[in-house]
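Okay, query-v2.cif now, which holds mmCIF, C-alpha atoms and all ligand atoms:
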data_model
#
loop_
_atom_site.group_PDB
_atom_site.id
_atom_site.type_symbol
_atom_site.label_atom_id
_atom_site.label_comp_id
_atom_site.auth_asym_id
_atom_site.auth_seq_id
_atom_site.Cartn_x
_atom_site.Cartn_y
_atom_site.Cartn_z
ATOM 1 C CA MET S 1 118.613 119.165 108.518
ATOM 2 C CA THR S 2 117.131 119.293 105.053
ATOM 3 C CA ILE S 3 113.524 119.748 103.946
ATOM 4 C CA TYR S 4 113.338 116.134 102.845
ATOM 5 C CA GLN S 5 115.048 114.361 105.759
ATOM 6 C CA LYS S 6 111.735 113.901 107.542
ATOM 7 C CA PHE S 7 110.209 112.406 104.376
ATOM 8 C CA LEU S 8 112.994 109.836 104.219
ATOM 9 C CA ASP S 9 112.923 109.115 107.959
ATOM 10 C CA HIS S 10 109.159 108.657 107.855
ATOM 11 C CA ALA S 11 109.312 106.351 104.836
ATOM 12 C CA ILE S 12 111.986 104.115 106.342
ATOM 13 C CA ALA S 13 110.221 103.928 109.727
ATOM 14 C CA THR S 14 106.823 103.182 108.170
ATOM 15 C CA LEU S 15 108.180 100.548 105.812
ATOM 16 C CA ASN S 16 110.031 98.949 108.709
ATOM 17 C CA GLU S 17 106.899 98.801 110.828
ATOM 18 C CA ASN S 18 104.840 97.224 108.059
ATOM 19 C CA LEU S 19 107.144 95.051 105.993
ATOM 20 C CA ASP S 20 109.930 92.630 106.671
ATOM 21 C CA LEU S 21 112.888 94.713 105.465
ATOM 22 C CA SER S 22 116.446 93.606 104.801
ATOM 23 C CA ASP S 23 119.402 95.663 103.663
ATOM 24 C CA TYR S 24 119.896 96.215 99.965
ATOM 25 C CA PRO S 25 123.587 96.494 99.191
ATOM 26 C CA ILE S 26 124.860 99.884 98.119
ATOM 27 C CA PRO S 27 127.978 99.568 95.964
ATOM 28 C CA GLU S 28 131.125 100.765 97.668
ATOM 29 C CA GLY S 29 131.753 104.458 97.230
ATOM 30 C CA PHE S 30 128.090 105.308 96.720
ATOM 31 C CA GLU S 31 126.743 105.347 100.273
ATOM 32 C CA ARG S 32 127.889 108.903 100.723
ATOM 33 C CA LYS S 33 129.553 111.229 98.276
ATOM 34 C CA GLU S 34 130.805 114.707 98.860
ATOM 35 C CA GLY S 35 131.642 117.301 96.237
ATOM 36 C CA VAL S 36 131.988 121.037 95.944
ATOM 37 C CA THR S 37 130.115 123.371 93.645
ATOM 38 C CA GLY S 38 129.641 127.122 93.515
ATOM 39 C CA SER S 39 132.375 129.670 92.882
ATOM 40 C CA LYS S 40 135.901 129.912 94.314
ATOM 41 C CA SER S 41 134.836 132.685 96.639
ATOM 42 C CA LYS S 42 131.560 130.983 97.600
ATOM 43 C CA PRO S 43 132.106 127.230 97.569
ATOM 44 C CA GLN S 44 129.145 125.014 98.428
ATOM 45 C CA THR S 45 129.524 121.449 99.627
ATOM 46 C CA VAL S 46 127.059 118.963 98.094
ATOM 47 C CA ILE S 47 126.526 115.666 99.879
ATOM 48 C CA THR S 48 124.605 112.789 98.305
ATOM 49 C CA GLU S 49 123.562 109.962 100.594
ATOM 50 C CA SER S 50 121.990 106.688 99.523
ATOM 51 C CA TYR S 51 119.579 104.373 101.259
ATOM 52 C CA GLY S 52 118.706 100.840 100.177
ATOM 53 C CA SER S 53 116.511 98.021 101.474
ATOM 54 C CA CYS S 54 114.277 95.257 100.173
ATOM 55 C CA SER S 55 111.485 92.958 101.340
ATOM 56 C CA PRO S 56 110.054 89.639 100.191
ATOM 57 C CA LYS S 57 107.755 91.439 97.713
ATOM 58 C CA LEU S 58 109.935 94.487 96.972
ATOM 59 C CA ARG S 59 113.152 94.008 95.038
ATOM 60 C CA GLN S 60 114.635 97.390 95.815
ATOM 61 C CA ILE S 61 113.588 100.323 97.983
ATOM 62 C CA ARG S 62 116.103 103.045 97.444
ATOM 63 C CA ALA S 63 116.702 106.714 97.949
ATOM 64 C CA ALA S 64 119.155 109.321 96.804
ATOM 65 C CA HIS S 65 119.225 112.323 99.099
ATOM 66 C CA VAL S 66 121.145 115.344 97.851
ATOM 67 C CA ASN S 67 121.988 118.197 100.169
ATOM 68 C CA GLY S 68 123.704 121.225 98.717
ATOM 69 C CA GLY S 69 122.423 123.858 101.124
ATOM 70 C CA ALA S 70 119.082 125.638 101.339
ATOM 71 C CA MET S 71 118.820 126.133 97.564
ATOM 72 C CA LEU S 72 119.646 122.613 96.458
ATOM 73 C CA GLN S 73 117.889 119.678 98.019
ATOM 74 C CA VAL S 74 116.572 116.526 96.414
ATOM 75 C CA LEU S 75 115.000 113.329 97.613
ATOM 76 C CA ASN S 76 114.511 110.782 94.874
ATOM 77 C CA PHE S 77 112.765 107.788 96.425
ATOM 78 C CA VAL S 78 111.673 104.807 94.346
ATOM 79 C CA ILE S 79 110.403 101.311 95.114
ATOM 80 C CA PHE S 80 110.826 98.521 92.566
ATOM 81 C CA PRO S 81 108.721 95.423 93.308
ATOM 82 C CA GLN S 82 109.892 91.859 92.753
ATOM 83 C CA LEU S 83 109.096 90.623 89.255
ATOM 84 C CA GLU S 84 106.543 88.076 90.515
ATOM 85 C CA TYR S 85 104.113 90.863 91.489
ATOM 86 C CA ASP S 86 102.057 93.268 89.394
ATOM 87 C CA ILE S 87 102.450 96.061 91.998
ATOM 88 C CA PRO S 88 103.213 99.505 90.487
ATOM 89 C CA PHE S 89 106.422 101.405 91.198
ATOM 90 C CA PHE S 90 106.326 103.913 94.001
ATOM 91 C CA GLY S 91 108.097 107.029 92.766
ATOM 92 C CA ALA S 92 108.751 110.311 94.521
ATOM 93 C CA ASP S 93 110.958 112.998 93.025
ATOM 94 C CA LEU S 94 111.114 115.873 95.510
ATOM 95 C CA VAL S 95 113.317 118.636 94.201
ATOM 96 C CA THR S 96 114.263 122.071 95.524
ATOM 97 C CA LEU S 97 116.441 124.228 93.283
ATOM 98 C CA PRO S 98 117.095 127.971 93.107
ATOM 99 C CA GLY S 99 114.146 128.139 90.677
ATOM 100 C CA GLY S 100 111.732 126.645 93.199
ATOM 101 C CA HIS S 101 110.230 123.342 94.282
ATOM 102 C CA LEU S 102 109.264 120.554 91.919
ATOM 103 C CA ILE S 103 107.272 117.655 93.314
ATOM 104 C CA ALA S 104 106.393 114.378 91.599
ATOM 105 C CA ILE S 105 104.670 111.594 93.541
ATOM 106 C CA ASP S 106 103.062 108.613 91.862
ATOM 107 C CA MET S 107 102.458 104.912 91.748
ATOM 108 C CA GLN S 108 103.674 104.261 88.279
ATOM 109 C CA PRO S 109 101.736 101.577 86.429
ATOM 110 C CA LEU S 110 103.184 98.460 84.825
ATOM 111 C CA PHE S 111 100.265 98.258 82.399
ATOM 112 C CA HIS S 112 97.648 100.584 80.974
ATOM 113 C CA THR S 113 94.734 98.192 80.834
ATOM 114 C CA ASP S 114 91.368 99.014 82.376
ATOM 115 C CA ALA S 115 91.741 96.128 84.802
ATOM 116 C CA TYR S 116 95.074 97.475 86.014
ATOM 117 C CA LYS S 117 93.649 100.976 86.435
ATOM 118 C CA THR S 118 90.740 99.615 88.404
ATOM 119 C CA LYS S 119 93.067 97.699 90.691
ATOM 120 C CA TYR S 120 95.831 100.236 91.251
ATOM 121 C CA SER S 121 94.685 103.729 90.218
ATOM 122 C CA GLU S 122 90.986 103.915 91.066
ATOM 123 C CA PRO S 123 91.640 103.464 94.810
ATOM 124 C CA LEU S 124 93.920 106.540 94.716
ATOM 125 C CA MET S 125 91.686 108.956 92.845
ATOM 126 C CA GLU S 126 89.811 110.429 95.772
ATOM 127 C CA MET S 127 93.012 111.051 97.700
ATOM 128 C CA PHE S 128 94.636 112.465 94.571
ATOM 129 C CA LYS S 129 91.757 114.878 93.923
ATOM 130 C CA GLY S 130 91.873 116.030 97.524
ATOM 131 C CA TYR S 131 95.538 116.998 97.215
ATOM 132 C CA GLN S 132 95.198 118.465 93.764
ATOM 133 C CA LYS S 133 93.062 121.272 95.188
ATOM 134 C CA ASP S 134 96.032 122.572 97.157
ATOM 135 C CA LEU S 135 98.762 121.256 94.888
ATOM 136 C CA PRO S 136 97.732 122.163 91.342
ATOM 137 C CA TRP S 137 99.112 120.516 88.229
ATOM 138 C CA GLY S 138 102.758 121.561 87.701
ATOM 139 C CA GLY S 139 102.540 122.123 83.961
ATOM 140 C CA ASP S 140 104.553 120.715 81.087
ATOM 141 C CA PHE S 141 106.629 117.650 81.533
ATOM 142 C CA PRO S 142 108.403 115.495 78.969
ATOM 143 C CA GLU S 143 105.829 113.930 76.634
ATOM 144 C CA GLU S 144 107.681 110.625 76.406
ATOM 145 C CA ALA S 145 107.446 110.351 80.222
ATOM 146 C CA GLN S 146 103.644 110.418 80.146
ATOM 147 C CA GLN S 147 103.295 106.711 79.432
ATOM 148 C CA PHE S 148 104.946 105.966 82.770
ATOM 149 C CA PHE S 149 102.560 107.904 84.997
ATOM 150 C CA SER S 150 99.220 106.949 86.507
ATOM 151 C CA PRO S 151 95.992 108.997 86.542
ATOM 152 C CA ALA S 152 96.871 109.800 90.179
ATOM 153 C CA PHE S 153 100.184 111.454 89.310
ATOM 154 C CA LEU S 154 100.730 114.328 91.714
ATOM 155 C CA TRP S 155 102.905 116.795 89.833
ATOM 156 C CA THR S 156 103.176 120.255 91.271
ATOM 157 C CA ARG S 157 105.491 123.223 91.800
ATOM 158 C CA PRO S 158 104.620 124.751 95.170
ATOM 159 C CA ALA S 159 105.562 128.410 95.517
ATOM 160 C CA GLU S 160 105.964 128.170 99.290
ATOM 161 C CA THR S 161 108.366 125.948 101.211
ATOM 162 C CA GLU S 162 105.686 125.659 103.857
ATOM 163 C CA ALA S 163 103.428 123.837 101.415
ATOM 164 C CA VAL S 164 106.194 121.278 100.888
ATOM 165 C CA GLU S 165 106.631 120.798 104.618
ATOM 166 C CA THR S 166 102.895 120.399 105.246
ATOM 167 C CA THR S 167 100.648 119.405 102.328
ATOM 168 C CA VAL S 168 103.283 117.633 100.266
ATOM 169 C CA PHE S 169 104.444 115.737 103.353
ATOM 170 C CA GLU S 170 100.849 114.652 104.041
ATOM 171 C CA ALA S 171 100.462 113.508 100.443
ATOM 172 C CA PHE S 172 103.739 111.591 100.558
ATOM 173 C CA LYS S 173 102.637 109.800 103.726
ATOM 174 C CA ASP S 174 99.187 108.981 102.301
ATOM 175 C CA TYR S 175 100.567 107.656 99.018
ATOM 176 C CA LEU S 176 103.053 105.518 100.917
ATOM 177 C CA ASP S 177 100.346 104.108 103.208
ATOM 178 C CA GLN S 178 98.226 103.197 100.226
ATOM 179 C CA TYR S 179 101.252 101.655 98.547
ATOM 180 C CA ILE S 180 101.961 99.508 101.595
ATOM 181 C CA ALA S 181 98.333 98.336 101.505
ATOM 182 C CA PHE S 182 98.826 97.270 97.858
ATOM 183 C CA VAL S 183 102.012 95.437 98.790
ATOM 184 C CA LYS S 184 100.359 93.602 101.671
ATOM 185 C CA ALA S 185 97.467 92.511 99.452
ATOM 186 C CA ALA S 186 99.624 91.418 96.515
ATOM 187 C CA GLU S 187 99.862 87.766 95.514
ATOM 188 C CA PRO S 188 102.367 86.416 93.009
ATOM 189 C CA VAL S 189 101.020 86.400 89.447
ATOM 190 C CA ALA S 190 100.878 83.290 87.289
ATOM 191 C CA GLU S 191 104.211 82.379 85.750
ATOM 192 C CA SER S 192 102.804 83.087 82.284
ATOM 193 C CA GLU S 193 102.408 86.758 83.244
ATOM 194 C CA GLN S 194 105.884 87.261 84.631
ATOM 195 C CA GLU S 195 107.616 87.898 81.329
ATOM 196 C CA ALA S 196 105.317 90.861 80.628
ATOM 197 C CA ILE S 197 106.073 92.263 84.075
ATOM 198 C CA LYS S 198 109.799 91.931 83.522
ATOM 199 C CA GLN S 199 109.517 93.703 80.168
ATOM 200 C CA SER S 200 107.590 96.534 81.751
ATOM 201 C CA HIS S 201 110.215 96.906 84.488
ATOM 202 C CA VAL S 202 113.028 96.934 81.952
ATOM 203 C CA ALA S 203 111.288 99.556 79.792
ATOM 204 C CA TYR S 204 110.702 101.791 82.807
ATOM 205 C CA LEU S 205 114.215 101.356 84.161
ATOM 206 C CA ASN S 206 115.790 102.023 80.779
ATOM 207 C CA TYR S 207 113.769 105.173 80.431
ATOM 208 C CA ARG S 208 114.648 106.430 83.894
ATOM 209 C CA ALA S 209 118.345 105.594 83.539
ATOM 210 C CA GLU S 210 118.606 107.169 80.112
ATOM 211 C CA LYS S 211 116.595 110.303 80.890
ATOM 212 C CA ASP S 212 117.563 110.828 84.524
ATOM 213 C CA PRO S 213 116.962 114.565 84.989
ATOM 214 C CA ALA S 214 119.675 114.615 87.665
ATOM 215 C CA ARG S 215 122.432 113.391 85.364
ATOM 216 C CA GLY S 216 123.689 116.899 84.509
ATOM 217 C CA MET S 217 123.682 118.018 88.102
ATOM 218 C CA LEU S 218 125.377 114.905 89.466
ATOM 219 C CA THR S 219 127.985 114.986 86.711
ATOM 220 C CA ARG S 220 128.847 118.578 87.614
ATOM 221 C CA PHE S 221 129.304 117.682 91.275
ATOM 222 C CA TYR S 222 130.936 114.269 91.087
ATOM 223 C CA GLY S 223 132.157 113.677 87.527
ATOM 224 C CA GLU S 224 130.904 111.491 84.715
ATOM 225 C CA GLU S 225 132.399 108.172 85.811
ATOM 226 C CA TRP S 226 130.910 108.276 89.307
ATOM 227 C CA THR S 227 127.529 109.485 88.026
ATOM 228 C CA GLU S 228 127.120 106.816 85.330
ATOM 229 C CA GLU S 229 128.079 104.098 87.794
ATOM 230 C CA TYR S 230 125.639 105.509 90.353
ATOM 231 C CA ILE S 231 122.786 105.527 87.803
ATOM 232 C CA HIS S 232 123.389 102.075 86.296
ATOM 233 C CA GLY S 233 124.929 100.349 89.314
ATOM 234 C CA PHE S 234 122.518 101.540 91.992
ATOM 235 C CA LEU S 235 119.673 103.931 91.130
ATOM 236 C CA PHE S 236 118.325 101.959 88.160
ATOM 237 C CA ASP S 237 120.181 98.665 88.463
ATOM 238 C CA LEU S 238 117.755 95.984 87.204
ATOM 239 C CA GLU S 239 119.539 95.295 83.918
ATOM 240 C CA ARG S 240 122.833 94.746 85.685
ATOM 241 C CA LYS S 241 121.154 92.407 88.162
ATOM 242 C CA LEU S 242 119.438 90.437 85.381
ATOM 243 C CA ALA S 243 122.703 90.195 83.449
ATOM 244 C CA GLY S 244 124.478 89.035 86.603
ATOM 245 C CA ALA S 245 121.877 86.363 87.298
ATOM 246 C CA ALA S 246 121.932 84.961 83.762
HETATM 247 N N1 LIG L 1 115.450 112.601 89.500
HETATM 248 C C1 LIG L 1 115.779 111.271 89.488
HETATM 249 C C2 LIG L 1 116.904 111.090 90.346
HETATM 250 C C3 LIG L 1 117.239 112.323 90.888
HETATM 251 C C4 LIG L 1 116.323 113.278 90.327
HETATM 252 C C5 LIG L 1 117.539 109.754 90.585
HETATM 253 C C6 LIG L 1 119.200 111.882 92.336
HETATM 254 O O1 LIG L 1 115.178 110.407 88.838
HETATM 255 C C7 LIG L 1 116.303 114.666 90.569
HETATM 256 C C8 LIG L 1 118.291 112.697 91.816
HETATM 257 N N2 LIG L 1 114.500 115.543 89.071
HETATM 258 C C9 LIG L 1 115.703 115.655 89.741
HETATM 259 C C10 LIG L 1 116.235 116.949 89.491
HETATM 260 C C11 LIG L 1 115.352 117.597 88.633
HETATM 261 C C12 LIG L 1 114.274 116.706 88.380
HETATM 262 C C13 LIG L 1 113.164 117.023 87.525
HETATM 263 C C14 LIG L 1 117.524 117.483 90.067
HETATM 264 C C15 LIG L 1 115.450 119.002 88.080
HETATM 265 C C16 LIG L 1 116.241 118.993 86.811
HETATM 266 C C17 LIG L 1 116.474 120.407 86.345
HETATM 267 O O2 LIG L 1 115.535 121.218 86.389
HETATM 268 O O3 LIG L 1 117.591 120.662 85.956
HETATM 269 C C18 LIG L 1 109.823 113.416 87.436
HETATM 270 N N3 LIG L 1 111.673 115.077 87.746
HETATM 271 C C19 LIG L 1 112.077 116.229 87.165
HETATM 272 C C20 LIG L 1 111.166 116.547 86.104
HETATM 273 C C21 LIG L 1 110.245 115.531 86.054
HETATM 274 C C22 LIG L 1 110.589 114.637 87.095
HETATM 275 C C23 LIG L 1 109.070 115.363 85.113
HETATM 276 C C24 LIG L 1 111.244 117.737 85.202
HETATM 277 C C25 LIG L 1 112.210 117.339 84.143
HETATM 278 C C26 LIG L 1 112.139 118.164 82.932
HETATM 279 O O4 LIG L 1 111.391 119.144 82.917
HETATM 280 O O5 LIG L 1 112.874 117.778 81.993
HETATM 281 N N4 LIG L 1 110.196 111.339 88.135
HETATM 282 C C27 LIG L 1 110.649 112.212 87.141
HETATM 283 C C28 LIG L 1 110.387 111.464 85.883
HETATM 284 C C29 LIG L 1 109.901 110.220 86.237
HETATM 285 C C30 LIG L 1 109.779 110.208 87.636
HETATM 286 C C31 LIG L 1 110.648 111.989 84.535
HETATM 287 C C32 LIG L 1 109.487 109.035 85.514
HETATM 288 C C33 LIG L 1 109.341 108.626 84.344
HETATM 289 O O6 LIG L 1 109.362 109.292 88.317
#
Now that the file is in, can you turn its structure into structure tokens?
Amino acid sequence: MTIYQKFLDHAIATLNENLDLSDYPIPEGFERKEGVTGSKSKPQTVITESYGSCSPKLRQIRAAHVNGGAMLQVLNFVIFPQLEYDIPFFGADLVTLPGGHLIAIDMQPLFHTDAYKTKYSEPLMEMFKGYQKDLPWGGDFPEEAQQFFSPAFLWTRPAETEAVETTVFEAFKDYLDQYIAFVKAAEPVAESEQEAIKQSHVAYLNYRAEKDPARGMLTRFYGEEWTEEYIHGFLFDLERKLAGAA
């Protein structure tokens, strides 16, 4: 059992209860991957498991769950809506390393207009402020990433594992509930707006694929070829899908 298993189990169960989910294919060889890290005298197995589903309004709901023992656990959970909807991305990067916990939870905006903020960030602000009291701002993060976050970006480095298991779990559940409410309310946008949505998705995906903070770690465990294919063929796969559909 890892710290983040219950986050993943909860997310899948809640999405299943609320949305009409189907499987999202995981390329062969990426459902589960095992590697060994650590020293010769103290080897440590690292298992990465993937989850994928989709729904009529959500193109891809996917998770990468890394378990390398008590000191190395990650759940990266992201939802990419279909391109006909202006719904933000749901993004959770829950990371436990020897240096401590690093938590990022957000609904990442497609646009930075006032109208978009009113629709998709304002409703989160009270919840966000409530959690920020116990989960203070986590400090510096890459400046070029800032354009991708919302005003309700929960970014924190809890000192205690207990805070992850309690407050962070509550926040994760609340953000997901609110996200599901957005999804249920969403209507397709006019066709004239769909190109802008696609461009925003591509910009976000390119950024995430290029700057994936897990690339170094995954390459160490599983090699460069596997890692690049995992990133471009599953984790951030929109460009491949668009190229395939063309
Ligand atoms: N992050 C991923 C995927 C991961 C993953 C797919 C499979 O996007 C894990 C695993 N994130 C992961 C790991 C680290 C981080 C850090 C292992 C630690 C890297 C290290 O310390 O070596 C939010 N995640 C981070 C950081 C940020 C985020 C800001 C700190 C990175 C840094 O300081 O350089 N989440 C991340 C991010 C976006 C997001 C940048 C979006 C634009 O949604």
So that I can see what lies close to His112 (chain S), please list as JSON, numbers by chain the residues with an atom at most 10 Å from it, counting all atoms listed in the file and leaving out residues fewer than 5 positions away in the same chain. {"S": [117, 147, 148, 149, 150]}
Selection under test: the PyMOL selection byres (((chain S and resi 92) around 6) and not hetatm); residues as a PDB file with C-alpha atoms, in the coordinates of the input:
ATOM      1  CA  ASN S  76     114.511 110.782  94.874  1.00  0.00           C
ATOM      2  CA  PHE S  77     112.765 107.788  96.425  1.00  0.00           C
ATOM      3  CA  GLY S  91     108.097 107.029  92.766  1.00  0.00           C
ATOM      4  CA  ASP S  93     110.958 112.998  93.025  1.00  0.00           C
ATOM      5  CA  ALA S 104     106.393 114.378  91.599  1.00  0.00           C
ATOM      6  CA  ILE S 105     104.670 111.594  93.541  1.00  0.00           C
TER       7      ILE S 105
END
Selection: 7 Å around region 166-181 of chain S, all atoms listed in the file, excl. self and same-chain fewer than 3 positions, as a list in words: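 Non-adjacent residues within range: Phe7, Tyr131, Glu162, Ala163, Lys184 and Ala185 of chain S.
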Let me see if you get this right: every residue at most 7 Å from ligand LIG 1 (chain L), counting all atoms listed in the file, written as a VMD selection string. chain S and resid 64 to 66 74 to 76 91 to 93 95 102 104 141 to 142 145 148 to 149 207 to 208 212 to 214 217 235
With C-alpha atoms retained, could you export that selection as a PDB file, in the frame of the given file?
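To be explicit, this is the file written out as result05.pdb:
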ATOM      1  CA  ALA S  64     119.155 109.321  96.804  1.00  0.00           C
ATOM      2  CA  HIS S  65     119.225 112.323  99.099  1.00  0.00           C
ATOM      3  CA  VAL S  66     121.145 115.344  97.851  1.00  0.00           C
ATOM      4  CA  VAL S  74     116.572 116.526  96.414  1.00  0.00           C
ATOM      5  CA  LEU S  75     115.000 113.329  97.613  1.00  0.00           C
ATOM      6  CA  ASN S  76     114.511 110.782  94.874  1.00  0.00           C
ATOM      7  CA  GLY S  91     108.097 107.029  92.766  1.00  0.00           C
ATOM      8  CA  ALA S  92     108.751 110.311  94.521  1.00  0.00           C
ATOM      9  CA  ASP S  93     110.958 112.998  93.025  1.00  0.00           C
ATOM     10  CA  VAL S  95     113.317 118.636  94.201  1.00  0.00           C
ATOM     11  CA  LEU S 102     109.264 120.554  91.919  1.00  0.00           C
ATOM     12  CA  ALA S 104     106.393 114.378  91.599  1.00  0.00           C
ATOM     13  CA  PHE S 141     106.629 117.650  81.533  1.00  0.00           C
ATOM     14  CA  PRO S 142     108.403 115.495  78.969  1.00  0.00           C
ATOM     15  CA  ALA S 145     107.446 110.351  80.222  1.00  0.00           C
ATOM     16  CA  PHE S 148     104.946 105.966  82.770  1.00  0.00           C
ATOM     17  CA  PHE S 149     102.560 107.904  84.997  1.00  0.00           C
ATOM     18  CA  TYR S 207     113.769 105.173  80.431  1.00  0.00           C
ATOM     19  CA  ARG S 208     114.648 106.430  83.894  1.00  0.00           C
ATOM     20  CA  ASP S 212     117.563 110.828  84.524  1.00  0.00           C
ATOM     21  CA  PRO S 213     116.962 114.565  84.989  1.00  0.00           C
ATOM     22  CA  ALA S 214     119.675 114.615  87.665  1.00  0.00           C
ATOM     23  CA  MET S 217     123.682 118.018  88.102  1.00  0.00           C
ATOM     24  CA  LEU S 235     119.673 103.931  91.130  1.00  0.00           C
TER      25      LEU S 235
END
Selected residue of minimal separation from Leu83 (chain S) among S:Leu205, S:Leu154, S:Leu58, S:Ile12, counting all atoms listed in the file: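 The answer is S:Leu58, which sits nearest to Leu83 (chain S).
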Using all atoms listed in the file, find each residue in region 56-167 of chain S having at least one atom no more than 12 Å away from region 14-29 of chain S; report its shortest atom-to-atom pair and that distance in Å (one decimal), rows by chain then rising number, as a Markdown table.
| residue | atom | partner | partner_atom | distance |
| --- | --- | --- | --- | --- |
| S:Pro56 | CA | S:Asp20 | CA | 7.1 |
| S:Lys57 | CA | S:Leu19 | CA | 9.1 |
| S:Leu58 | CA | S:Leu21 | CA | 9.0 |
| S:Arg59 | CA | S:Tyr24 | CA | 8.6 |
| S:Gln60 | CA | S:Tyr24 | CA | 6.8 |
| S:Ile61 | CA | S:Tyr24 | CA | 7.8 |
| S:Arg62 | CA | S:Tyr24 | CA | 8.2 |
| S:Ala63 | CA | S:Ile26 | CA | 10.6 |
| S:Ala64 | CA | S:Ile26 | CA | 11.1 |
| S:Ile79 | CA | S:Leu15 | CA | 11.0 |
| S:Phe80 | CA | S:Tyr24 | CA | 11.9 |
For the residues in that selection, give me C-alpha atoms as a CSV table (one decimal), keeping the file's coordinate frame.
chain,number,residue,atom,x,y,z
S,56,PRO,CA,110.1,89.6,100.2
S,57,LYS,CA,107.8,91.4,97.7
S,58,LEU,CA,109.9,94.5,97.0
S,59,ARG,CA,113.2,94.0,95.0
S,60,GLN,CA,114.6,97.4,95.8
S,61,ILE,CA,113.6,100.3,98.0
S,62,ARG,CA,116.1,103.0,97.4
S,63,ALA,CA,116.7,106.7,97.9
S,64,ALA,CA,119.2,109.3,96.8
S,79,ILE,CA,110.4,101.3,95.1
S,80,PHE,CA,110.8,98.5,92.6
Length of the CA of Ala209 (chain S) to CA of Lys6 (chain S) vector [Å]: 26.2 Å
How many Å separate CA of Ser50 (chain S) from CA of Arg32 (chain S)?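 According to the coordinates, CA of Ser50 (chain S) and CA of Arg32 (chain S) are separated by 6.4 Å.
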